[in-house]
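**Student:** For reference, the file my_file-v3.cif (mmCIF, C-alpha atoms) is included below:
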data_work
#
loop_
_atom_site.label_atom_id
_atom_site.label_comp_id
_atom_site.auth_asym_id
_atom_site.auth_seq_id
_atom_site.Cartn_x
_atom_site.Cartn_y
_atom_site.Cartn_z
CA MET A 1369 -77.77 -200.56 -133.06
CA THR A 1370 -75.70 -200.19 -136.19
CA SER A 1371 -73.39 -202.79 -137.61
CA SER A 1372 -69.68 -202.16 -137.19
CA ASP A 1373 -69.10 -202.56 -140.92
CA SER A 1374 -70.62 -199.19 -141.76
CA PRO A 1375 -67.85 -196.69 -142.55
CA ALA A 1376 -66.62 -194.45 -139.74
CA ILE A 1377 -67.87 -191.42 -141.68
CA GLU A 1378 -69.96 -191.17 -144.82
CA LEU A 1379 -70.95 -187.89 -146.45
CA ILE A 1380 -73.13 -187.79 -149.56
CA GLY A 1381 -73.63 -184.42 -151.21
CA LEU A 1382 -73.31 -182.53 -147.92
CA THR A 1383 -74.26 -178.89 -148.44
CA LYS A 1384 -74.43 -176.17 -145.80
CA ILE A 1385 -75.68 -172.73 -146.70
CA PHE A 1386 -75.26 -169.67 -144.48
CA GLY A 1387 -77.41 -166.92 -146.04
CA GLU A 1388 -76.00 -166.56 -149.54
CA VAL A 1389 -72.80 -168.47 -148.92
CA LYS A 1390 -72.30 -172.18 -149.52
CA ALA A 1391 -69.89 -173.01 -146.69
CA VAL A 1392 -69.89 -176.65 -147.77
CA ASP A 1393 -70.86 -177.48 -151.34
CA ALA A 1394 -71.97 -181.00 -152.33
CA LEU A 1395 -69.24 -182.74 -150.34
CA SER A 1396 -69.08 -186.53 -150.69
CA LEU A 1397 -66.49 -188.40 -148.69
CA VAL A 1398 -66.00 -191.76 -146.97
CA VAL A 1399 -63.65 -192.52 -144.08
CA PRO A 1400 -63.28 -196.32 -143.84
CA ARG A 1401 -62.91 -197.88 -140.37
CA GLY A 1402 -59.40 -197.95 -138.96
CA THR A 1403 -58.09 -195.20 -141.23
CA THR A 1404 -57.02 -191.64 -140.56
CA LEU A 1405 -58.12 -188.77 -142.78
CA GLY A 1406 -56.39 -185.39 -142.74
CA LEU A 1407 -58.65 -182.53 -143.82
CA ILE A 1408 -56.79 -179.55 -145.23
CA GLY A 1409 -57.73 -176.30 -146.94
CA PRO A 1410 -57.28 -172.56 -146.54
CA ASN A 1411 -59.17 -170.68 -143.80
CA GLY A 1412 -62.88 -170.55 -144.60
CA ALA A 1413 -62.77 -173.64 -146.84
CA GLY A 1414 -65.49 -175.38 -144.82
CA LYS A 1415 -63.41 -177.70 -142.63
CA SER A 1416 -64.87 -176.63 -139.28
CA THR A 1417 -68.41 -176.50 -140.64
CA THR A 1418 -68.05 -180.07 -141.92
CA ILE A 1419 -66.72 -181.21 -138.54
CA ARG A 1420 -69.50 -179.45 -136.64
CA THR A 1421 -72.05 -181.16 -138.88
CA LEU A 1422 -70.58 -184.56 -138.01
CA MET A 1423 -71.10 -183.85 -134.32
CA GLY A 1424 -74.68 -182.64 -134.86
CA LEU A 1425 -73.67 -179.12 -133.79
CA SER A 1426 -74.63 -177.65 -137.13
CA THR A 1427 -77.67 -178.57 -139.22
CA VAL A 1428 -77.45 -179.82 -142.80
CA SER A 1429 -78.97 -177.81 -145.67
CA TYR A 1430 -78.87 -180.72 -148.13
CA GLY A 1431 -77.30 -184.14 -148.32
CA THR A 1432 -76.65 -187.07 -146.04
CA VAL A 1433 -74.30 -187.41 -143.07
CA ARG A 1434 -73.58 -190.72 -141.37
CA VAL A 1435 -71.25 -191.12 -138.42
CA LEU A 1436 -70.67 -194.77 -137.45
CA GLY A 1437 -73.79 -195.42 -139.52
CA LEU A 1438 -75.85 -192.96 -137.43
CA ASP A 1439 -77.53 -189.71 -138.42
CA PRO A 1440 -76.26 -186.79 -136.27
CA ALA A 1441 -79.60 -184.98 -136.64
CA VAL A 1442 -81.37 -187.88 -134.90
CA ASP A 1443 -78.76 -189.81 -132.93
CA ALA A 1444 -76.46 -187.05 -131.65
CA PRO A 1445 -76.39 -188.41 -128.06
CA GLN A 1446 -75.38 -191.89 -129.22
CA ILE A 1447 -72.74 -190.45 -131.54
CA LYS A 1448 -71.34 -188.35 -128.69
CA SER A 1449 -70.92 -191.43 -126.51
CA ARG A 1450 -69.00 -193.35 -129.20
CA VAL A 1451 -66.97 -190.53 -130.72
CA GLY A 1452 -64.11 -188.53 -129.19
CA TYR A 1453 -64.31 -184.88 -130.17
CA VAL A 1454 -61.71 -182.15 -129.71
CA PRO A 1455 -63.26 -178.83 -130.77
CA GLU A 1456 -61.34 -175.82 -132.04
CA THR A 1457 -61.93 -173.95 -128.78
CA HIS A 1458 -61.91 -176.02 -125.63
CA LEU A 1459 -65.08 -175.67 -123.61
CA MET A 1460 -64.47 -176.45 -119.94
CA TYR A 1461 -65.61 -174.84 -116.72
CA ARG A 1462 -62.78 -172.50 -115.87
CA TRP A 1463 -63.22 -172.74 -112.10
CA MET A 1464 -62.90 -176.56 -112.06
CA ARG A 1465 -59.72 -178.47 -111.35
CA ILE A 1466 -58.44 -181.00 -113.93
CA GLN A 1467 -59.59 -183.85 -111.65
CA ASP A 1468 -63.12 -182.35 -111.46
CA VAL A 1469 -63.36 -182.01 -115.23
CA ILE A 1470 -62.29 -185.64 -115.59
CA TRP A 1471 -64.81 -186.80 -112.98
CA PHE A 1472 -67.50 -184.73 -114.71
CA ALA A 1473 -66.73 -186.14 -118.18
CA LYS A 1474 -66.45 -189.69 -116.86
CA SER A 1475 -70.07 -189.62 -115.69
CA PHE A 1476 -71.22 -189.27 -119.30
CA TYR A 1477 -69.36 -192.26 -120.68
CA PRO A 1478 -70.13 -195.88 -119.75
CA THR A 1479 -66.97 -196.95 -121.63
CA TRP A 1480 -64.62 -194.66 -119.61
CA ASN A 1481 -61.27 -196.40 -118.98
CA ASP A 1482 -59.68 -195.34 -115.67
CA LYS A 1483 -56.34 -196.99 -116.37
CA LEU A 1484 -56.06 -195.33 -119.78
CA CYS A 1485 -56.99 -192.03 -118.14
CA ARG A 1486 -54.16 -192.42 -115.58
CA ASP A 1487 -51.72 -193.37 -118.37
CA LEU A 1488 -52.68 -190.25 -120.30
CA ILE A 1489 -52.28 -188.04 -117.22
CA ASN A 1490 -48.72 -189.40 -116.93
CA LEU A 1491 -48.00 -189.19 -120.67
CA PHE A 1492 -49.12 -185.57 -120.76
CA GLY A 1493 -47.53 -184.69 -117.41
CA LEU A 1494 -50.76 -183.23 -116.02
CA ALA A 1495 -51.23 -182.09 -112.42
CA PRO A 1496 -54.84 -183.13 -111.53
CA ARG A 1497 -55.22 -180.48 -108.83
CA GLN A 1498 -54.51 -177.57 -111.17
CA LYS A 1499 -57.38 -175.27 -112.08
CA ILE A 1500 -58.51 -174.99 -115.70
CA LYS A 1501 -58.19 -171.19 -115.68
CA GLN A 1502 -54.49 -171.49 -114.77
CA LEU A 1503 -53.62 -173.80 -117.66
CA SER A 1504 -51.47 -172.86 -120.63
CA LYS A 1505 -52.85 -173.31 -124.14
CA GLY A 1506 -50.82 -176.51 -124.60
CA THR A 1507 -51.98 -178.08 -121.32
CA LEU A 1508 -55.58 -177.16 -122.07
CA ALA A 1509 -55.28 -178.92 -125.44
CA LYS A 1510 -53.91 -182.01 -123.67
CA VAL A 1511 -56.79 -182.08 -121.17
CA SER A 1512 -59.23 -181.71 -124.05
CA LEU A 1513 -57.62 -184.64 -125.89
CA LEU A 1514 -57.60 -186.76 -122.72
CA LEU A 1515 -61.35 -186.21 -122.31
CA ALA A 1516 -61.87 -187.19 -125.94
CA ILE A 1517 -59.91 -190.47 -125.85
CA ALA A 1518 -60.17 -191.87 -122.31
CA HIS A 1519 -63.58 -193.37 -123.10
CA GLU A 1520 -62.04 -195.43 -125.91
CA PRO A 1521 -64.01 -193.96 -128.81
CA GLU A 1522 -64.50 -195.78 -132.11
CA LEU A 1523 -63.87 -192.53 -133.94
CA LEU A 1524 -61.82 -189.49 -133.02
CA ILE A 1525 -62.60 -186.10 -134.56
CA LEU A 1526 -60.17 -183.24 -134.03
CA ASP A 1527 -60.55 -179.66 -135.25
CA GLU A 1528 -57.05 -178.20 -135.64
CA PRO A 1529 -55.75 -180.03 -132.57
CA MET A 1530 -52.23 -178.64 -132.77
CA SER A 1531 -52.67 -175.09 -133.95
CA GLY A 1532 -50.85 -172.51 -131.88
CA LEU A 1533 -48.98 -175.06 -129.76
CA ASP A 1534 -45.24 -175.15 -129.08
CA PRO A 1535 -43.26 -178.01 -130.68
CA LEU A 1536 -43.12 -180.10 -127.50
CA ALA A 1537 -46.87 -179.84 -126.83
CA ARG A 1538 -47.48 -180.74 -130.50
CA GLU A 1539 -45.40 -183.90 -130.12
CA GLU A 1540 -47.31 -184.89 -126.99
CA ILE A 1541 -50.69 -184.37 -128.66
CA LEU A 1542 -49.47 -186.36 -131.66
CA ASP A 1543 -48.31 -189.18 -129.34
CA GLY A 1544 -51.71 -189.25 -127.69
CA VAL A 1545 -53.52 -189.53 -131.01
CA LEU A 1546 -51.15 -192.16 -132.42
CA ARG A 1547 -51.45 -194.21 -129.25
CA THR A 1548 -55.23 -194.27 -129.68
CA THR A 1549 -55.10 -195.25 -133.34
CA GLY A 1550 -52.35 -197.82 -132.80
CA GLU A 1551 -53.74 -199.66 -129.83
CA ARG A 1552 -57.43 -199.55 -130.58
CA GLN A 1553 -57.87 -199.43 -134.35
CA CYS A 1554 -59.72 -196.16 -133.85
CA SER A 1555 -60.69 -194.17 -136.97
CA VAL A 1556 -59.61 -190.54 -137.05
CA LEU A 1557 -60.60 -187.37 -138.88
CA PHE A 1558 -58.62 -184.23 -138.16
CA SER A 1559 -58.25 -180.83 -139.76
CA SER A 1560 -54.88 -179.13 -139.85
CA HIS A 1561 -52.77 -176.46 -141.45
CA SER A 1562 -49.57 -178.33 -140.68
CA LEU A 1563 -48.92 -180.55 -143.66
CA GLY A 1564 -46.06 -182.25 -141.82
CA ASP A 1565 -48.59 -183.45 -139.26
CA VAL A 1566 -50.88 -184.64 -142.05
CA GLN A 1567 -48.03 -186.63 -143.55
CA ARG A 1568 -47.22 -188.25 -140.23
CA MET A 1569 -50.72 -189.04 -139.05
CA ALA A 1570 -52.94 -189.51 -142.08
CA ASP A 1571 -53.51 -192.44 -144.44
CA ASN A 1572 -55.61 -190.26 -146.72
CA VAL A 1573 -55.82 -186.56 -147.33
CA ALA A 1574 -58.83 -184.49 -148.42
CA MET A 1575 -58.44 -180.93 -149.62
CA LEU A 1576 -61.32 -178.47 -149.39
CA TYR A 1577 -61.52 -175.16 -151.20
CA GLU A 1578 -64.52 -172.85 -150.98
CA GLY A 1579 -66.62 -175.69 -149.64
CA LYS A 1580 -65.76 -178.05 -152.49
CA LEU A 1581 -63.63 -181.18 -152.44
CA LEU A 1582 -60.56 -180.57 -154.63
CA LEU A 1583 -58.75 -183.76 -153.88
CA HIS A 1584 -59.15 -186.97 -151.88
CA CYS A 1585 -56.52 -189.69 -152.09
CA PRO A 1586 -53.88 -191.63 -150.13
CA VAL A 1587 -51.04 -189.33 -149.01
CA ASP A 1588 -48.39 -191.68 -150.50
CA GLU A 1589 -50.18 -191.86 -153.83
CA LEU A 1590 -50.28 -188.05 -154.01
CA LEU A 1591 -46.58 -187.67 -153.23
CA THR A 1592 -45.47 -190.25 -155.78
CA SER A 1593 -47.81 -189.37 -158.64
CA ALA A 1594 -47.70 -185.55 -158.58
CA LYS A 1595 -44.69 -183.89 -160.24
CA ARG A 1596 -43.42 -180.43 -161.00
CA VAL A 1597 -42.25 -180.05 -164.59
CA ARG A 1598 -39.97 -177.26 -165.73
CA ALA A 1599 -39.40 -176.84 -169.44
CA VAL A 1600 -37.55 -174.27 -171.50
CA LEU A 1601 -39.69 -172.90 -174.36
CA ARG A 1602 -38.06 -172.23 -177.70
CA ASP A 1603 -37.85 -168.60 -178.81
CA GLY A 1604 -41.20 -166.93 -179.45
CA CYS A 1605 -43.28 -169.93 -178.37
CA VAL A 1606 -46.07 -170.09 -175.82
CA PRO A 1607 -47.96 -173.17 -174.60
CA VAL A 1608 -51.15 -173.41 -176.69
CA TRP A 1609 -53.16 -175.64 -174.40
CA ARG A 1610 -53.14 -176.69 -170.83
CA PRO A 1611 -53.14 -180.41 -170.05
CA PRO A 1612 -56.13 -181.36 -167.87
CA GLU A 1613 -53.66 -182.89 -165.39
CA ALA A 1614 -52.10 -179.47 -164.78
CA ILE A 1615 -53.28 -178.21 -161.42
CA TRP A 1616 -51.13 -175.10 -161.74
CA GLN A 1617 -48.93 -173.54 -164.41
CA CYS A 1618 -46.84 -170.43 -164.91
CA VAL A 1619 -44.90 -169.03 -167.86
CA GLU A 1620 -42.10 -166.58 -167.26
CA ARG A 1621 -39.76 -165.60 -170.10
CA ARG A 1622 -38.77 -168.94 -171.61
CA GLU A 1623 -39.48 -170.96 -168.49
CA TRP A 1624 -42.70 -172.93 -168.35
CA GLN A 1625 -43.56 -174.53 -165.02
CA LEU A 1626 -46.41 -176.95 -164.48
CA THR A 1627 -47.59 -179.08 -161.61
CA LEU A 1628 -49.12 -182.28 -162.90
CA HIS A 1629 -51.31 -184.70 -160.96
CA PRO A 1630 -51.24 -187.45 -161.91
CA CYS A 1631 -48.06 -187.29 -163.96
CA SER A 1632 -47.15 -190.19 -166.28
CA GLU A 1633 -44.47 -191.08 -168.81
CA GLN A 1634 -47.08 -190.80 -171.58
CA LEU A 1635 -48.06 -187.31 -170.49
CA LEU A 1636 -44.43 -186.18 -170.40
CA ALA A 1637 -43.80 -187.67 -173.83
CA ARG A 1638 -46.87 -185.88 -175.16
CA LEU A 1639 -45.74 -182.55 -173.70
CA GLN A 1640 -42.41 -182.89 -175.44
CA THR A 1641 -43.84 -183.81 -178.82
CA GLU A 1642 -46.67 -181.29 -178.89
CA PHE A 1643 -44.87 -178.29 -177.46
CA PRO A 1644 -41.75 -176.52 -178.68
CA VAL A 1645 -39.74 -177.17 -175.49
CA ASP A 1646 -36.22 -178.18 -174.51
CA ASN A 1647 -34.64 -179.45 -171.31
CA VAL A 1648 -37.66 -180.90 -169.59
CA GLU A 1649 -36.91 -181.38 -165.92
CA VAL A 1650 -39.16 -183.36 -163.59
CA THR A 1651 -39.01 -182.99 -159.82
CA ASP A 1652 -40.92 -184.27 -156.80
CA LEU A 1653 -43.04 -182.02 -154.61
CA SER A 1654 -43.69 -181.87 -150.90
CA LEU A 1655 -47.25 -181.91 -149.60
CA GLU A 1656 -46.75 -178.24 -148.71
CA ASP A 1657 -45.89 -177.30 -152.32
CA LEU A 1658 -48.74 -179.38 -153.70
CA PHE A 1659 -51.22 -177.72 -151.40
CA LYS A 1660 -50.05 -174.26 -152.48
CA ASP A 1661 -50.20 -175.19 -156.17
CA TYR A 1662 -53.72 -176.57 -155.84
CA VAL A 1663 -54.94 -173.40 -154.13
CA LYS A 1664 -53.06 -171.01 -156.48
CA GLY A 1665 -54.31 -172.98 -159.50
CA ARG A 1666 -57.88 -172.63 -158.28
CA ARG A 1667 -57.56 -168.89 -157.67
CA LYS A 1668 -56.23 -168.36 -161.18
CA LEU A 1669 -59.14 -170.23 -162.73
CA ALA A 1670 -61.69 -168.22 -160.78
CA MET B 735 -34.10 -193.52 -136.71
CA LYS B 736 -35.43 -190.21 -137.94
CA ILE B 737 -38.04 -189.32 -140.54
CA ASP B 738 -38.72 -186.01 -142.25
CA PRO B 739 -42.45 -185.19 -142.33
CA HIS B 740 -41.90 -182.32 -144.77
CA SER B 741 -40.08 -184.36 -147.39
CA HIS B 742 -41.48 -185.16 -150.82
CA VAL B 743 -40.56 -188.80 -150.17
CA PRO B 744 -43.58 -190.66 -148.74
CA ILE B 745 -42.99 -191.56 -145.09
CA PHE B 746 -43.37 -195.30 -145.68
CA LEU B 747 -40.51 -195.15 -148.20
CA GLN B 748 -38.38 -193.18 -145.73
CA ILE B 749 -38.94 -195.98 -143.20
CA VAL B 750 -38.10 -198.63 -145.83
CA GLU B 751 -34.85 -196.83 -146.62
CA THR B 752 -33.88 -196.35 -142.96
CA VAL B 753 -34.55 -200.00 -142.09
CA ARG B 754 -32.76 -201.17 -145.23
CA ALA B 755 -29.69 -199.09 -144.33
CA ALA B 756 -29.81 -200.47 -140.76
CA ILE B 757 -29.92 -204.05 -142.11
CA ALA B 758 -27.04 -203.29 -144.53
CA ALA B 759 -25.02 -201.85 -141.65
CA GLY B 760 -25.65 -204.93 -139.50
CA VAL B 761 -27.86 -203.29 -136.87
CA TYR B 762 -30.35 -206.09 -137.51
CA ARG B 763 -28.75 -209.41 -138.53
CA PRO B 764 -30.36 -212.38 -140.33
CA GLY B 765 -32.78 -214.19 -138.02
CA GLU B 766 -33.18 -211.17 -135.74
CA SER B 767 -36.45 -209.29 -135.37
CA LEU B 768 -37.27 -205.72 -136.29
CA PRO B 769 -38.95 -203.50 -133.67
CA ALA B 770 -42.72 -204.17 -133.40
CA GLN B 771 -45.02 -202.20 -135.68
CA ARG B 772 -46.65 -200.20 -132.89
CA THR B 773 -43.41 -199.54 -131.05
CA LEU B 774 -41.85 -198.22 -134.22
CA ALA B 775 -44.92 -196.09 -135.01
CA MET B 776 -44.72 -194.50 -131.56
CA THR B 777 -40.95 -193.97 -131.71
CA LEU B 778 -41.12 -192.33 -135.12
CA GLY B 779 -44.36 -190.51 -134.36
CA VAL B 780 -46.16 -191.84 -137.41
CA ASN B 781 -49.41 -193.65 -138.18
CA PRO B 782 -49.10 -197.44 -137.49
CA ASN B 783 -50.67 -198.17 -140.91
CA THR B 784 -47.69 -196.39 -142.47
CA VAL B 785 -45.23 -198.65 -140.63
CA GLN B 786 -47.20 -201.69 -141.81
CA LYS B 787 -46.93 -200.43 -145.38
CA ALA B 788 -43.15 -200.09 -144.97
CA PHE B 789 -42.94 -203.66 -143.56
CA ASP B 790 -44.95 -204.95 -146.54
CA GLU B 791 -42.51 -203.28 -148.92
CA LEU B 792 -39.46 -204.68 -147.07
CA GLU B 793 -41.06 -208.10 -147.25
CA ARG B 794 -41.70 -207.69 -150.97
CA ARG B 795 -38.00 -206.92 -151.40
CA GLU B 796 -37.25 -210.10 -149.40
CA LEU B 797 -35.19 -208.27 -146.78
CA VAL B 798 -37.51 -209.42 -144.01
CA GLU B 799 -40.18 -212.07 -143.55
CA SER B 800 -43.18 -211.98 -141.27
CA ARG B 801 -43.77 -214.74 -138.77
CA ARG B 802 -47.42 -214.82 -137.89
CA GLY B 803 -48.15 -213.22 -134.55
CA VAL B 804 -44.47 -212.73 -133.73
CA GLY B 805 -43.23 -209.97 -136.00
CA MET B 806 -40.83 -209.22 -138.82
CA PHE B 807 -37.49 -211.06 -139.07
CA VAL B 808 -34.45 -210.36 -141.25
CA THR B 809 -34.15 -213.08 -143.89
CA ASP B 810 -31.02 -215.24 -144.34
CA ARG B 811 -29.99 -213.20 -147.37
CA GLY B 812 -31.28 -209.95 -145.84
CA THR B 813 -27.88 -208.34 -145.22
CA VAL B 814 -26.60 -209.19 -148.70
CA SER B 815 -29.80 -207.97 -150.40
CA ALA B 816 -29.79 -204.77 -148.35
CA ARG B 817 -26.21 -204.08 -149.50
CA ASP B 818 -27.16 -204.77 -153.14
CA ASN B 819 -29.92 -202.21 -152.71
CA THR B 820 -27.28 -199.69 -151.62
CA LEU B 821 -25.66 -200.03 -155.03
CA GLU B 822 -28.98 -199.09 -156.63
CA THR B 823 -29.26 -196.00 -154.45
CA VAL B 824 -25.73 -194.93 -155.37
CA ALA B 825 -26.38 -195.53 -159.08
CA GLU B 826 -29.56 -193.49 -158.87
CA SER B 827 -27.69 -190.47 -157.45
CA PHE B 828 -25.11 -190.70 -160.24
CA ARG B 829 -27.89 -190.95 -162.80
CA ARG B 830 -29.40 -187.70 -161.57
CA GLY B 831 -26.07 -185.92 -161.89
CA ILE B 832 -25.66 -187.21 -165.44
CA ILE B 833 -29.13 -185.94 -166.39
CA THR B 834 -28.32 -182.49 -164.99
CA ALA B 835 -25.13 -182.40 -167.08
CA ARG B 836 -26.94 -183.58 -170.21
CA ASP B 837 -29.64 -180.91 -169.80
CA ALA B 838 -26.89 -178.29 -169.72
CA ASN B 839 -25.48 -179.76 -172.97
CA PHE B 840 -22.29 -181.14 -171.40
CA THR B 841 -20.31 -183.48 -173.65
CA ARG B 842 -19.49 -187.04 -172.46
CA GLU B 843 -15.94 -185.93 -171.71
CA ARG B 844 -16.98 -182.89 -169.72
CA THR B 845 -19.46 -184.98 -167.70
CA ARG B 846 -16.73 -187.52 -166.93
CA ASP B 847 -14.31 -184.73 -165.90
CA ALA B 848 -16.93 -183.27 -163.59
CA PHE B 849 -17.46 -186.70 -162.01
CA GLU B 850 -13.75 -187.32 -161.50
CA LYS B 851 -13.15 -183.88 -160.05
CA THR B 852 -15.99 -184.38 -157.52
CA PHE B 853 -14.71 -187.90 -156.81
CA ARG B 854 -11.16 -186.67 -156.03
CA GLN B 855 -12.46 -183.82 -153.87
CA GLU B 856 -14.69 -186.10 -151.81
CA PHE B 857 -12.02 -188.77 -151.29
CA SER B 858 -9.35 -186.25 -150.31
CA LYS B 859 -11.46 -184.99 -147.40
CA THR B 860 -12.80 -188.32 -146.09
CA ARG B 861 -10.75 -191.30 -145.13
CA GLU B 862 -11.17 -194.46 -147.19
CA PRO B 863 -13.61 -196.91 -145.55
CA ARG B 864 -12.15 -200.26 -144.58
#
As structure tokens, how would this structure be written, given the file I've shared?
**Tutor:**
Amino acid sequence: MTSSDSPAIELIGLTKIFGEVKAVDALSLVVPRGTTLGLIGPNGAGKSTTIRTLMGLSTVSYGTVRVLGLDPAVDAPQIKSRVGYVPETHLMYRWMRIQDVIWFAKSFYPTWNDKLCRDLINLFGLAPRQKIKQLSKGTLAKVSLLLAIAHEPELLILDEPMSGLDPLAREEILDGVLRTTGERQCSVLFSSHSLGDVQRMADNVAMLYEGKLLLHCPVDELLTSAKRVRAVLRDGCVPVWRPPEAIWQCVERREWQLTLHPCSEQLLARLQTEFPVDNVEVTDLSLEDLFKDYVKGRRKLA
Amino acid sequence: MKIDPHSHVPIFLQIVETVRAAIAAGVYRPGESLPAQRTLAMTLGVNPNTVQKAFDELERRELVESRRGVGMFVTDRGTVSARDNTLETVAESFRRGIITARDANFTRERTRDAFEKTFRQEFSKTREPR
């Protein structure tokens, strides 16, 4: 058995190669126990591949993966019994009723909690006699989440749990996840395109781009330390260098815009002394804007 | 209580501000408890760690104090401190307006005129608070 002080997830130099393509490229990341990590990145950034590796569903080309201190290549069955997993597409026998699927799943988990299961059925407003093939996308997502959390996992892994759901179903899924983290100190890793959800659920955010880790920090730290700067350049002047903190910049006519992370008073002072600019204006950015700037900044460099 | 998950203001600070305003308004009086961390996390639909972070900040500002195993309670001076904090918030909004004017090369006089014009407009449409 592993000690409970090993991190929930630990990746060291994880690399996954499909043919010529590095889907995941030397990814190192730690998810401490009791924390929630939101994994973001454009389509094809390597989020799903990383998640599948954690569950032992995809092999590793190079690097080390540890889930609750265990190696998915060796201990996949033990990981499955201690981790709740909601895949991108929900795999359930279509001819079964909800109650059959629950009974079926329950047989795999010694830690299955019947009371919690009943609570979740009520919370999600599920009708146990309904057949899987008759369920809407939202209800299917709720059943999938129920199966992942009713056995009281130590770690919950969700691959885009709320994509394509209506606002009400989203809220219910979110409630289910928050209930698990709140009452049981469960660690969570989820991927998402909804940055509002990331801000609500996650302690830390990790951004992937073309298999590489662009950013990994607390959500609050990111929102307070990243700034958009808009300066007016004097006639005939162009910025001669780009500060290393600039994740994105754009010059149009006399307007020079930069997104700086981290931004500091010293950096702003330096910009104003070394560049011929007037009217420097500093504004805050939403997670959405920051994400776009990071990705656009990367594309420009490439 | 409502939070905006798309805002550039970190959620824990949004919670701090909402609770502070509620204390200033007398929703929670000195000696009374705030809602429990988990209850609040569920109501707002946010991570419980985020609520804890907000509670820590409110405690640092001496608006509330934690009693071990019981929860967070408004301090004796909580209401007064929360109202003092309101002054800071108001001053901060004014400061931003002044910076905007300065960036557009407004003179002191023109900035003051702009303030007074806005002031008169706002007070003519809302009734004076008690």
**Student:** Specify as a ChimeraX atom specification all residues of chain A found within 10 Å of chain B, counting all atoms listed in the file.
**Tutor:** /A:1402-1404,1539-1540,1542-1547,1549-1551,1553,1562-1571,1587-1592,1594,1646-1649,1651-1658
**Student:** Give me, please, the distance in Å between atom CA of A:Met1530 and atom CA of A:Glu1456, quoted to one decimal.
**Tutor:**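 Atom-to-atom, atom CA of A:Met1530 to atom CA of A:Glu1456, that is 9.6 Å.
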**Student:** Given the PyMOL selection byres ((chain A and resi 1499) around 7) and the file above, list the residues it selects as a PyMOL selection string.
**Tutor:** chain A and resi 1463-1466+1497-1498+1500-1503
**Student:** Which residues are near A:Leu1639? Cut-off 10 Å, all atoms listed in the file, ignore same chain within fewer than 4 positions. Put them as a PyMOL selection string.
**Tutor:** chain A and resi 1599+1607+1610-1611+1633-1635+1643-1645+1648
**Student:** Could you list, as a list in words, every residue matched by the PyMOL selection byres ((chain B and resi 790) around 12) in this structure?
**Tutor:**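 Applied to this file, the PyMOL selection byres ((chain B and resi 790) around 12) selects Phe746, Leu747, Ile749, Val750, Gln771, Asn783, Thr784, Val785, Gln786, Lys787, Ala788, Phe789, Glu791, Leu792, Glu793, Arg794, Arg795, Glu796, Leu797, Val798, Glu799, Ser800, Gly805 and Met806 of chain B.
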